[in-house]
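K.L.:
The file below is start-v3.pdb, PDB, C-alpha atoms (C1' of nucleotides):
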ATOM      1  CA  MET E1059      80.606 102.294  64.337
ATOM      2  CA  SER E1060      79.723 104.025  67.592
ATOM      3  CA  LYS E1061      82.305 105.671  69.781
ATOM      4  CA  ILE E1062      81.471 103.261  72.552
ATOM      5  CA  LYS E1063      82.100 100.244  70.378
ATOM      6  CA  LYS E1064      85.378 101.664  69.102
ATOM      7  CA  LEU E1065      86.505 102.287  72.665
ATOM      8  CA  TYR E1066      85.807  98.685  73.476
ATOM      9  CA  PHE E1067      88.100  97.296  70.795
ATOM     10  CA  GLN E1068      90.679  99.899  71.649
ATOM     11  CA  LEU E1069      90.717  99.030  75.339
ATOM     12  CA  LYS E1070      90.541  95.333  74.703
ATOM     13  CA  LYS E1071      93.660  95.598  72.599
ATOM     14  CA  ARG E1072      95.449  97.893  75.021
ATOM     15  CA  TYR E1073      94.858  95.752  78.084
ATOM     16  CA  ASN E1074      94.894  92.469  76.242
ATOM     17  CA  LEU E1075      91.942  91.313  78.320
ATOM     18  CA  PRO E1076      93.221  87.889  79.304
ATOM     19  CA  GLU E1077      91.642  85.562  81.774
ATOM     20  CA  LYS E1078      94.455  86.198  84.199
ATOM     21  CA  GLN E1079      93.430  89.810  84.659
ATOM     22  CA  TRP E1080      89.992  88.759  85.747
ATOM     23  CA  LYS E1081      89.528  89.167  89.411
ATOM     24  CA  MET E1082      86.756  87.808  91.506
ATOM     25  CA  TRP E1083      84.239  90.506  90.737
ATOM     26  CA  CYS E1084      84.487  90.142  87.009
ATOM     27  CA  ARG E1085      85.090  86.439  86.650
ATOM     28  CA  ARG E1086      82.273  84.550  85.034
ATOM     29  CA  PRO E1087      80.576  82.364  87.627
ATOM     30  CA  LYS E1088      79.342  78.973  86.514
ATOM     31  CA  THR E1089      78.156  77.004  89.496
ATOM     32  CA  ILE E1090      75.225  77.961  91.699
ATOM     33  CA  LYS E1091      77.661  78.384  94.554
ATOM     34  CA  GLU E1092      79.708  80.874  92.550
ATOM     35  CA  ARG E1093      76.614  82.755  91.484
ATOM     36  CA  GLU E1094      75.492  83.060  95.077
ATOM     37  CA  GLU E1095      78.887  84.448  95.962
ATOM     38  CA  VAL E1096      78.421  87.121  93.336
ATOM     39  CA  VAL E1097      75.045  88.054  94.785
ATOM     40  CA  ILE E1098      76.565  88.315  98.239
ATOM     41  CA  GLY E1099      79.481  90.346  96.903
ATOM     42  CA  ALA E1100      77.122  92.709  95.088
ATOM     43  CA  ILE E1101      75.569  93.734  98.394
ATOM     44  CA  LEU E1102      78.749  93.797 100.427
ATOM     45  CA  THR E1103      80.578  96.018  97.971
ATOM     46  CA  GLN E1104      78.145  98.900  98.318
ATOM     47  CA  ASN E1105      80.104 102.079  98.968
ATOM     48  CA  THR E1106      83.204 100.143  99.912
ATOM     49  CA  ASN E1107      86.376  99.115  98.146
ATOM     50  CA  TRP E1108      86.744  95.555  97.016
ATOM     51  CA  GLN E1109      89.629  94.780  99.347
ATOM     52  CA  ASN E1110      87.397  95.194 102.369
ATOM     53  CA  VAL E1111      84.759  93.037 100.732
ATOM     54  CA  GLU E1112      87.313  90.295 100.189
ATOM     55  CA  LYS E1113      88.009  90.258 103.901
ATOM     56  CA  ALA E1114      84.322  89.895 104.687
ATOM     57  CA  ILE E1115      83.930  87.144 102.109
ATOM     58  CA  ALA E1116      86.962  85.361 103.477
ATOM     59  CA  ASN E1117      85.359  85.447 106.917
ATOM     60  CA  LEU E1118      82.148  83.974 105.564
ATOM     61  CA  LYS E1119      84.009  81.294 103.658
ATOM     62  CA  LYS E1120      86.088  80.389 106.672
ATOM     63  CA  ALA E1121      82.911  79.957 108.710
ATOM     64  CA  ASP E1122      81.427  77.944 105.848
ATOM     65  CA  LEU E1123      78.610  80.465 105.500
ATOM     66  CA  LEU E1124      79.240  81.694 101.981
ATOM     67  CA  ASN E1125      75.915  80.622 100.542
ATOM     68  CA  LEU E1126      72.382  81.915 100.709
ATOM     69  CA  ASP E1127      70.886  79.043 102.697
ATOM     70  CA  LYS E1128      73.306  79.606 105.528
ATOM     71  CA  ILE E1129      72.974  83.373 105.344
ATOM     72  CA  ALA E1130      69.221  83.063 105.667
ATOM     73  CA  LYS E1131      69.571  81.027 108.840
ATOM     74  CA  ILE E1132      72.516  82.604 110.627
ATOM     75  CA  ASN E1133      71.682  84.958 113.476
ATOM     76  CA  LEU E1134      72.138  88.637 112.819
ATOM     77  CA  PRO E1135      74.848  89.490 115.389
ATOM     78  CA  LYS E1136      77.045  86.701 114.084
ATOM     79  CA  LEU E1137      76.596  87.839 110.494
ATOM     80  CA  LYS E1138      77.407  91.422 111.458
ATOM     81  CA  LYS E1139      80.617  90.343 113.089
ATOM     82  CA  LEU E1140      81.726  88.388 110.033
ATOM     83  CA  ILE E1141      81.074  91.123 107.508
ATOM     84  CA  LYS E1142      82.375  93.917 109.687
ATOM     85  CA  PRO E1143      85.495  94.616 107.594
ATOM     86  CA  CYS E1144      83.460  95.929 104.666
ATOM     87  CA  GLY E1145      81.629  98.525 106.726
ATOM     88  CA  PHE E1146      77.945  99.417 107.092
ATOM     89  CA  PHE E1147      77.450  96.015 108.666
ATOM     90  CA  ASN E1148      74.221  96.967 110.410
ATOM     91  CA  VAL E1149      72.382  97.643 107.172
ATOM     92  CA  LYS E1150      74.285  95.210 104.985
ATOM     93  CA  SER E1151      73.595  92.272 107.290
ATOM     94  CA  ARG E1152      69.891  93.001 107.027
ATOM     95  CA  TYR E1153      70.104  93.454 103.259
ATOM     96  CA  LEU E1154      71.967  90.174 102.916
ATOM     97  CA  LYS E1155      69.381  88.246 104.859
ATOM     98  CA  ASP E1156      66.568  89.853 102.905
ATOM     99  CA  MET E1157      68.271  88.999  99.633
ATOM    100  CA  ALA E1158      68.877  85.422 100.722
ATOM    101  CA  GLY E1159      65.205  85.139 101.584
ATOM    102  CA  PHE E1160      64.164  86.632  98.285
ATOM    103  CA  VAL E1161      66.274  84.246  96.219
ATOM    104  CA  LEU E1162      65.236  81.207  98.204
ATOM    105  CA  ASP E1163      61.553  82.149  98.070
ATOM    106  CA  SER E1164      61.930  82.498  94.327
ATOM    107  CA  GLY E1165      63.130  78.930  94.106
ATOM    108  CA  GLY E1166      66.848  79.606  94.063
ATOM    109  CA  ILE E1167      69.316  80.930  91.510
ATOM    110  CA  LYS E1168      68.406  78.332  88.933
ATOM    111  CA  GLU E1169      64.766  79.383  88.890
ATOM    112  CA  LEU E1170      65.637  83.067  88.926
ATOM    113  CA  LYS E1171      67.709  82.581  85.796
ATOM    114  CA  LYS E1172      64.617  81.401  83.973
ATOM    115  CA  ASN E1173      62.657  84.546  84.779
ATOM    116  CA  ASN E1174      62.025  87.361  82.361
ATOM    117  CA  TRP E1175      64.868  89.550  83.482
ATOM    118  CA  LEU E1176      63.139  92.892  82.997
ATOM    119  CA  LYS E1177      60.428  91.764  85.374
ATOM    120  CA  LEU E1178      63.035  90.307  87.673
ATOM    121  CA  ARG E1179      64.813  93.672  87.697
ATOM    122  CA  GLU E1180      61.660  95.293  89.006
ATOM    123  CA  ASN E1181      61.361  92.675  91.724
ATOM    124  CA  LEU E1182      64.979  93.147  92.704
ATOM    125  CA  LEU E1183      64.520  96.906  92.917
ATOM    126  CA  ASN E1184      61.637  96.357  95.312
ATOM    127  CA  GLN E1185      64.023  94.664  97.721
ATOM    128  CA  LYS E1186      65.435  96.905 100.411
ATOM    129  CA  GLY E1187      69.115  97.446  99.884
ATOM    130  CA  VAL E1188      68.941  96.870  96.152
ATOM    131  CA  GLY E1189      69.255  99.924  93.969
ATOM    132  CA  GLN E1190      69.832 100.056  90.241
ATOM    133  CA  GLU E1191      73.530  99.304  90.356
ATOM    134  CA  THR E1192      73.173  96.326  92.650
ATOM    135  CA  ALA E1193      70.248  94.987  90.627
ATOM    136  CA  ASP E1194      72.196  95.225  87.381
ATOM    137  CA  SER E1195      75.287  93.694  88.954
ATOM    138  CA  ILE E1196      73.262  90.707  90.046
ATOM    139  CA  LEU E1197      71.512  90.396  86.687
ATOM    140  CA  ASN E1198      74.656  90.698  84.607
ATOM    141  CA  TYR E1199      77.283  88.974  86.723
ATOM    142  CA  ALA E1200      75.303  86.410  88.677
ATOM    143  CA  LEU E1201      72.475  85.578  86.279
ATOM    144  CA  ASP E1202      74.022  86.059  82.823
ATOM    145  CA  LYS E1203      71.528  88.716  81.745
ATOM    146  CA  PRO E1204      72.426  91.528  79.307
ATOM    147  CA  SER E1205      71.887  94.375  81.766
ATOM    148  CA  PHE E1206      74.712  96.914  81.697
ATOM    149  CA  VAL E1207      76.053  98.095  85.055
ATOM    150  CA  ILE E1208      76.519 101.801  85.706
ATOM    151  CA  ASP E1209      78.746 102.471  88.698
ATOM    152  CA  ALA E1210      81.263 105.032  89.883
ATOM    153  CA  TYR E1211      83.881 103.627  87.500
ATOM    154  CA  THR E1212      81.517 103.817  84.565
ATOM    155  CA  ARG E1213      80.624 107.417  85.382
ATOM    156  CA  ARG E1214      84.288 108.399  85.538
ATOM    157  CA  PHE E1215      84.860 106.538  82.288
ATOM    158  CA  VAL E1216      82.047 108.398  80.546
ATOM    159  CA  LYS E1217      83.515 111.683  81.709
ATOM    160  CA  LYS E1218      87.074 110.762  80.797
ATOM    161  CA  TYR E1219      86.210 109.944  77.183
ATOM    162  CA  ASN E1220      83.553 112.624  76.847
ATOM    163  CA  LEU E1221      80.845 110.177  75.890
ATOM    164  CA  THR E1222      77.987 112.318  77.194
ATOM    165  CA  GLN E1223      77.084 114.929  79.790
ATOM    166  CA  GLU E1224      74.217 112.787  80.972
ATOM    167  CA  GLN E1225      74.114 111.751  84.641
ATOM    168  CA  ASP E1226      70.875 109.815  84.809
ATOM    169  CA  TYR E1227      71.365 106.123  85.483
ATOM    170  CA  GLU E1228      68.873 104.805  82.951
ATOM    171  CA  LYS E1229      70.135 107.072  80.209
ATOM    172  CA  LEU E1230      73.736 106.069  80.772
ATOM    173  CA  LYS E1231      72.690 102.436  80.811
ATOM    174  CA  ASN E1232      70.878 102.847  77.516
ATOM    175  CA  LEU E1233      73.807 104.693  76.024
ATOM    176  CA  PHE E1234      75.901 101.546  76.389
ATOM    177  CA  GLN E1235      73.189  99.040  75.636
ATOM    178  CA  ASP E1236      72.068 100.789  72.470
ATOM    179  CA  SER E1237      75.611 100.825  71.125
ATOM    180  CA  LEU E1238      76.414  97.197  71.863
ATOM    181  CA  LYS E1239      75.106  93.798  70.960
ATOM    182  CA  LYS E1240      72.852  92.407  73.692
ATOM    183  CA  ASP E1241      75.386  89.976  75.055
ATOM    184  CA  PHE E1242      75.930  89.520  78.764
ATOM    185  CA  ARG E1243      79.533  88.464  78.183
ATOM    186  CA  LEU E1244      80.238  91.605  76.207
ATOM    187  CA  TYR E1245      78.717  93.716  78.995
ATOM    188  CA  GLN E1246      80.829  91.933  81.574
ATOM    189  CA  ASP E1247      83.983  92.340  79.519
ATOM    190  CA  TYR E1248      83.287  95.974  78.821
ATOM    191  CA  HIS E1249      82.725  96.745  82.452
ATOM    192  CA  ALA E1250      85.903  94.906  83.403
ATOM    193  CA  LEU E1251      87.806  97.046  80.913
ATOM    194  CA  ILE E1252      86.242 100.190  82.344
ATOM    195  CA  VAL E1253      87.476  99.233  85.800
ATOM    196  CA  ILE E1254      90.947  98.255  84.571
ATOM    197  CA  ASP E1255      91.207 101.482  82.595
ATOM    198  CA  GLY E1256      90.109 103.433  85.640
ATOM    199  CA  GLN E1257      92.710 101.813  87.830
ATOM    200  CA  ASN E1258      95.459 102.426  85.293
ATOM    201  CA  SER E1259      94.915 106.167  85.210
TER     202      SER E1259
ATOM    203  C1'  DA B 778      94.367 113.433 110.059
ATOM    204  C1'  DA B 779      91.439 113.956 106.459
ATOM    205  C1'  DC B 780      89.791 111.593 102.696
ATOM    206  C1'  DC B 781      88.447 108.116  99.689
ATOM    207  C1'  DA B 782      86.657 103.564  98.307
ATOM    208  C1'  DG B 783      82.139 100.254  92.669
ATOM    209  C1'  DG B 784      75.376 102.634  97.208
ATOM    210  C1'  DA B 785      70.936 102.952  99.018
ATOM    211  C1'  DG B 786      67.202 104.516 102.054
ATOM    212  C1'  DA B 787      64.850 107.957 104.492
ATOM    213  C1'  DG B 788      63.620 112.517 105.339
ATOM    214  C1'  DA B 789      63.256 117.525 104.156
ATOM    215  C1'  DG B 790      61.912 121.103 101.320
TER     216       DG B 790
ATOM    217  C1'  DC J1091      61.456 115.445  92.266
ATOM    218  C1'  DT J1092      66.097 116.801  93.949
ATOM    219  C1'  DC J1093      69.038 117.553  97.725
ATOM    220  C1'  DT J1094      71.193 116.097 102.091
ATOM    221  C1'  DC J1095      72.141 113.120 105.712
ATOM    222  C1'  DT J1096      73.275 108.588 107.551
ATOM    223  C1'  DC J1097      75.325 104.248 107.745
ATOM    224  C1'  DA J1098      81.162 102.532 109.254
ATOM    225  C1'  DT J1099      85.494 100.151 108.063
ATOM    226  C1'  DG J1100      90.323 100.124 106.346
ATOM    227  C1'  DG J1101      94.098 102.005 103.665
ATOM    228  C1'  DT J1102      96.891 106.054 102.505
TER     229       DT J1102
END
Could you render the structure as structure tokens?
P.N.:
Amino acid sequence: MSKIKKLYFQLKKRYNLPEKQWKMWCRRPKTIKEREEVVIGAILTQNTNWQNVEKAIANLKKADLLNLDKIAKINLPKLKKLIKPCGFFNVKSRYLKDMAGFVLDSGGIKELKKNNWLKLRENLLNQKGVGQETADSILNYALDKPSFVIDAYTRRFVKKYNLTQEQDYEKLKNLFQDSLKKDFRLYQDYHALIVIDGQNS
DNA sequence: AACCAGGAGAGAG
DNA sequence: CTCTCTCATGGT
């Protein structure tokens, strides 16, 4: 068994991965509304801690704007004001609107889910404001696709357990994917454990 | 008061 | 292709 797989069982046992430990960013969305929230969160959380994102999301929810249709229509200054707490609001507001447009033009979340996800990943990467991490977050968390997310937590995790010296995003991604069954739930759980382990050390 | 927190794009060399 | 700079807020 690979080191990565062993670590998974080890961490799962140590942290007893129960539903209650699942916070918003690692909870499995079911409804379209929830999936759209994940997409929005994926953009807002860029280079920001989750607490600030929660404030921005709370603002959007309070204004009843926490869905892609509304985001696509709202005027830019208003959107900026609402997402201000999570920083970089000038770029993120533009990214959000672009993303909303992209999803809607594609026929919505439901249609996107039917796409070949490798092709969809390419399309996502062509969107301004969507890099590899954001694309994989959307694919894995919002669309139930087995695309492993490499982020700052994952990189620290890899270093902490001496899994490899590699820094390249794709190579790190493959390191995990090649060692694990292609299961989007497993990828989500693993990433949640990586974050929990990172916060407990 | 500096520094960090789940990134990505644009420009320089 | 790799490096550096910029975008900006909130908590410690």
K.L.:
For the file shown, what are the residues hit by the PyMOL selection byres ((chain E) within 6 of (chain B)), laid out as a PyMOL selection string?
P.N.:
chain E and resi 1104-1107+1187+1209-1210
K.L.:
Please, which residues in chain J fall within 10 Å of chain E when counting only C-alpha atoms (C1' of nucleotides), and what is the closest atom pair and distance in Å to one decimal for each, ordered by chain then residue number, as CSV?
P.N.:
residue,atom,partner,partner_atom,distance
J:DC1097,C1',E:Phe1146,CA,5.5
J:DA1098,C1',E:Gly1145,CA,4.8
J:DT1099,C1',E:Gly1145,CA,4.4
J:DG1100,C1',E:Asn1110,CA,7.0
J:DG1101,C1',E:Gln1109,CA,9.5
K.L.:
When the PyMOL selection byres ((chain E and resi 1221-1229) around 10) is applied to the structure above, which residues does it catch, written out as a count of residues only?
P.N.:
21
K.L.:
Which residue, E:Lys1064, E:Lys1070, E:Lys1119, E:Arg1243, has the smallest gap to E:Ser1205 when you use all atoms listed in the file?
P.N.:
E:Arg1243
K.L.:
One number please: atom CA of E:Leu1102 to atom CA of E:Ile1129, in Å, one decimal.
P.N.:
12.9 Å
